[in-house]
Amino acid sequence: MSSLSAPAFELKQVRHEFQSSSGTPLEVLRDINLQVQRGQRIAILGPSGSGKSTLLSIIAGLQKPTSGSVIWNGRNITSLSERDLSSLRASSVALVFQQFLLVPHLTALENVSLPLELQGMKRAIARERAILQLETYGLQERAQHFPRMLSGGECQRVAIARAVIVEPTLLLADEPTGNLDPSSAKAVFEQLIELPKLGKVGALVLVTHNEELAERCDHRYRLHFGDLRLLSNEGKK
């Protein structure tokens, strides 16, 4: 299967369990099958403790499932070495978290250019691309500001700019508006939801408690007692 025709990612019969304090296996994910095509936006809903973060970690290749396959862009990653997986992840998968996770001693410009520099791009070229990325998010005047000098909404937009600059096959967003006021949350979400349609990322997976935001995605799923269930085939675009 060619990379252009392959789904952005796919899960096949993914199971995951932990050992409880008593030594008894605790099943968190149960035989999950999921296929997401390029250009799609999906939302995963579920209460705290339902396994959403574990599922996202497995999709990102940060954690291996107990059994089953995780496939990125037509390639099964479950048998890759950590070195090969890290290299592939750097160009294929990006994450945005509720906590922003910007490097505090780097400016907004330096935070956004960092992924390109880590890939070996010359600093001057990386910085040029980063400033264009900041302009896209209306942050060009904040380029030389450190995270402590930015509002929560600005920090999250810098985090999105940093994630998207490598044009990943898959963007994973874990409660990306959870720490923001309603106005900032709406602005950040509107930028996120458009990324796959603009071709900036292959596909978007959004983990959220917010039903209203989830309805804007193409598909909604609920994680419940280890099972991933489709809630609707079409969201409100």
# chains A, B, ... in the order shown; residues from 1 in each chain; ligands from 1

call {"tool": "select_by_dssp", "arguments": {"residues": "region 102-189 of chain A", "states": "strand (DSSP E or B)", "output": "list in words"}}
result
Leu170, Leu171, Leu172, Ala173 and Asp174 of chain A

call {"tool": "closest_residue", "arguments": {"among": "A:Leu109, A:Ala163, A:Leu62, A:Arg148", "to": "Ser86 (chain A)", "atoms": "only C-alpha atoms"}}
result
A:Leu62

call {"tool": "closest_residue", "arguments": {"among": "A:Arg222, A:Arg123, A:His105, A:Arg129", "to": "Phe146 (chain A)", "atoms": "only C-alpha atoms"}}
result
A:His105

call {"tool": "select_by_dssp", "arguments": {"residues": "region 152-220 of chain A", "states": "alpha helix (DSSP H)", "output": "ChimeraX atom specification"}}
result
/A:152-164,182-198,211-214

call {"tool": "residues_around", "arguments": {"residues": "Phe9 (chain A)", "least_positions_apart": "3", "cutoff": "7 Å", "atoms": "only C-alpha atoms", "output": "list in words"}}
result
Gln35, Val36, Ile71, Trp72 and Asn73 of chain A

call {"tool": "residues_around", "arguments": {"residues": "Gln144 (chain A)", "least_positions_apart": "2", "cutoff": "10 Å", "atoms": "only C-alpha atoms", "output": "MDAnalysis selection string"}}
result
chainID A and resid 106:110 139:142 146:147 149

call {"tool": "closest_residue", "arguments": {"among": "A:Arg89, A:Lys122, A:Lys52, A:Arg83", "to": "Thr208 (chain A)", "atoms": "only C-alpha atoms"}}
result
A:Lys52

call {"tool": "closest_residue", "arguments": {"among": "A:Leu172, A:Leu29, A:Val112, A:Leu34", "to": "Gly49 (chain A)", "atoms": "only C-alpha atoms"}}
result
A:Leu29

call {"tool": "residues_around", "arguments": {"residues": "Ser184 (chain A)", "least_positions_apart": "5", "cutoff": "8 Å", "atoms": "only C-alpha atoms", "output": "list in words"}}
result
Gly152, Gly153 and Thr177 of chain A

call {"tool": "residues_around", "arguments": {"residues": "Val14 (chain A)", "least_positions_apart": "2", "cutoff": "8 Å", "atoms": "only C-alpha atoms", "output": "NGL selection string"}}
result
:A and (11-12 or 16 or 29-33 or 65-70)

call {"tool": "residues_around", "arguments": {"residues": "Val205 (chain A)", "least_positions_apart": "3", "cutoff": "8 Å", "atoms": "only C-alpha atoms", "output": "PDB file with all heavy atoms, in the first residue's frame"}}
result
ATOM      1  N   ARG A  41     -11.214  14.562  10.850  1.00  0.00           N
ATOM      2  CA  ARG A  41     -11.117  15.017  12.230  1.00  0.00           C
ATOM      3  C   ARG A  41     -11.971  14.092  13.067  1.00  0.00           C
ATOM      4  O   ARG A  41     -13.178  13.959  12.796  1.00  0.00           O
ATOM      5  CB  ARG A  41     -11.641  16.453  12.383  1.00  0.00           C
ATOM      6  CG  ARG A  41     -10.886  17.541  11.620  1.00  0.00           C
ATOM      7  CD  ARG A  41     -11.348  17.692  10.165  1.00  0.00           C
ATOM      8  NE  ARG A  41     -12.778  17.823   9.999  1.00  0.00           N
ATOM      9  CZ  ARG A  41     -13.437  18.989   9.952  1.00  0.00           C
ATOM     10  NH1 ARG A  41     -12.772  20.119  10.070  1.00  0.00           N
ATOM     11  NH2 ARG A  41     -14.731  19.036   9.759  1.00  0.00           N
ATOM     12  N   ILE A  42     -11.401  13.440  14.063  1.00  0.00           N
ATOM     13  CA  ILE A  42     -12.210  12.594  14.939  1.00  0.00           C
ATOM     14  C   ILE A  42     -12.038  13.050  16.386  1.00  0.00           C
ATOM     15  O   ILE A  42     -10.988  13.581  16.769  1.00  0.00           O
ATOM     16  CB  ILE A  42     -11.870  11.096  14.805  1.00  0.00           C
ATOM     17  CG1 ILE A  42     -10.563  10.761  15.503  1.00  0.00           C
ATOM     18  CG2 ILE A  42     -11.863  10.655  13.351  1.00  0.00           C
ATOM     19  CD1 ILE A  42     -10.409   9.270  15.765  1.00  0.00           C
ATOM     20  N   ALA A  43     -13.099  12.868  17.158  1.00  0.00           N
ATOM     21  CA  ALA A  43     -13.080  13.204  18.580  1.00  0.00           C
ATOM     22  C   ALA A  43     -13.266  11.939  19.391  1.00  0.00           C
ATOM     23  O   ALA A  43     -14.066  11.067  19.026  1.00  0.00           O
ATOM     24  CB  ALA A  43     -14.190  14.196  18.909  1.00  0.00           C
ATOM     25  N   ILE A  44     -12.516  11.829  20.476  1.00  0.00           N
ATOM     26  CA  ILE A  44     -12.663  10.712  21.410  1.00  0.00           C
ATOM     27  C   ILE A  44     -13.106  11.282  22.747  1.00  0.00           C
ATOM     28  O   ILE A  44     -12.420  12.101  23.353  1.00  0.00           O
ATOM     29  CB  ILE A  44     -11.344   9.933  21.558  1.00  0.00           C
ATOM     30  CG1 ILE A  44     -10.937   9.334  20.205  1.00  0.00           C
ATOM     31  CG2 ILE A  44     -11.487   8.827  22.604  1.00  0.00           C
ATOM     32  CD1 ILE A  44      -9.599   8.626  20.216  1.00  0.00           C
ATOM     33  N   LEU A 170      -0.216  12.959  11.366  1.00  0.00           N
ATOM     34  CA  LEU A 170      -1.210  12.846  12.420  1.00  0.00           C
ATOM     35  C   LEU A 170      -0.959  13.880  13.511  1.00  0.00           C
ATOM     36  O   LEU A 170       0.160  14.009  14.007  1.00  0.00           O
ATOM     37  CB  LEU A 170      -1.143  11.434  13.028  1.00  0.00           C
ATOM     38  CG  LEU A 170      -2.120  11.073  14.134  1.00  0.00           C
ATOM     39  CD1 LEU A 170      -3.556  11.192  13.649  1.00  0.00           C
ATOM     40  CD2 LEU A 170      -1.843   9.655  14.623  1.00  0.00           C
ATOM     41  N   LEU A 171      -1.994  14.637  13.866  1.00  0.00           N
ATOM     42  CA  LEU A 171      -1.924  15.568  14.983  1.00  0.00           C
ATOM     43  C   LEU A 171      -2.843  15.063  16.081  1.00  0.00           C
ATOM     44  O   LEU A 171      -4.048  14.870  15.870  1.00  0.00           O
ATOM     45  CB  LEU A 171      -2.358  16.968  14.544  1.00  0.00           C
ATOM     46  CG  LEU A 171      -2.398  18.031  15.657  1.00  0.00           C
ATOM     47  CD1 LEU A 171      -1.017  18.236  16.265  1.00  0.00           C
ATOM     48  CD2 LEU A 171      -2.954  19.357  15.126  1.00  0.00           C
ATOM     49  N   LEU A 172      -2.283  14.843  17.267  1.00  0.00           N
ATOM     50  CA  LEU A 172      -3.029  14.362  18.425  1.00  0.00           C
ATOM     51  C   LEU A 172      -3.167  15.508  19.414  1.00  0.00           C
ATOM     52  O   LEU A 172      -2.160  16.097  19.825  1.00  0.00           O
ATOM     53  CB  LEU A 172      -2.307  13.190  19.081  1.00  0.00           C
ATOM     54  CG  LEU A 172      -1.942  12.022  18.154  1.00  0.00           C
ATOM     55  CD1 LEU A 172      -1.121  10.976  18.901  1.00  0.00           C
ATOM     56  CD2 LEU A 172      -3.201  11.390  17.562  1.00  0.00           C
ATOM     57  N   ALA A 173      -4.377  15.832  19.790  1.00  0.00           N
ATOM     58  CA  ALA A 173      -4.628  16.951  20.703  1.00  0.00           C
ATOM     59  C   ALA A 173      -5.372  16.429  21.925  1.00  0.00           C
ATOM     60  O   ALA A 173      -6.498  15.931  21.817  1.00  0.00           O
ATOM     61  CB  ALA A 173      -5.446  18.029  19.999  1.00  0.00           C
TER      62      ALA A 173
END

call {"tool": "closest_residue", "arguments": {"among": "A:Ile131, A:Leu206, A:Ser113, A:Val96", "to": "Ile160 (chain A)", "atoms": "only C-alpha atoms"}}
result
A:Val96

call {"tool": "atom_distance", "arguments": {"atom1": "CA of Gly202 (chain A)", "atom2": "CA of Leu95 (chain A)"}}
result
13.0 Å

call {"tool": "closest_residue", "arguments": {"among": "A:Arg127, A:Arg15, A:His219, A:Arg38", "to": "Lys197 (chain A)", "atoms": "only C-alpha atoms"}}
result
A:Arg38
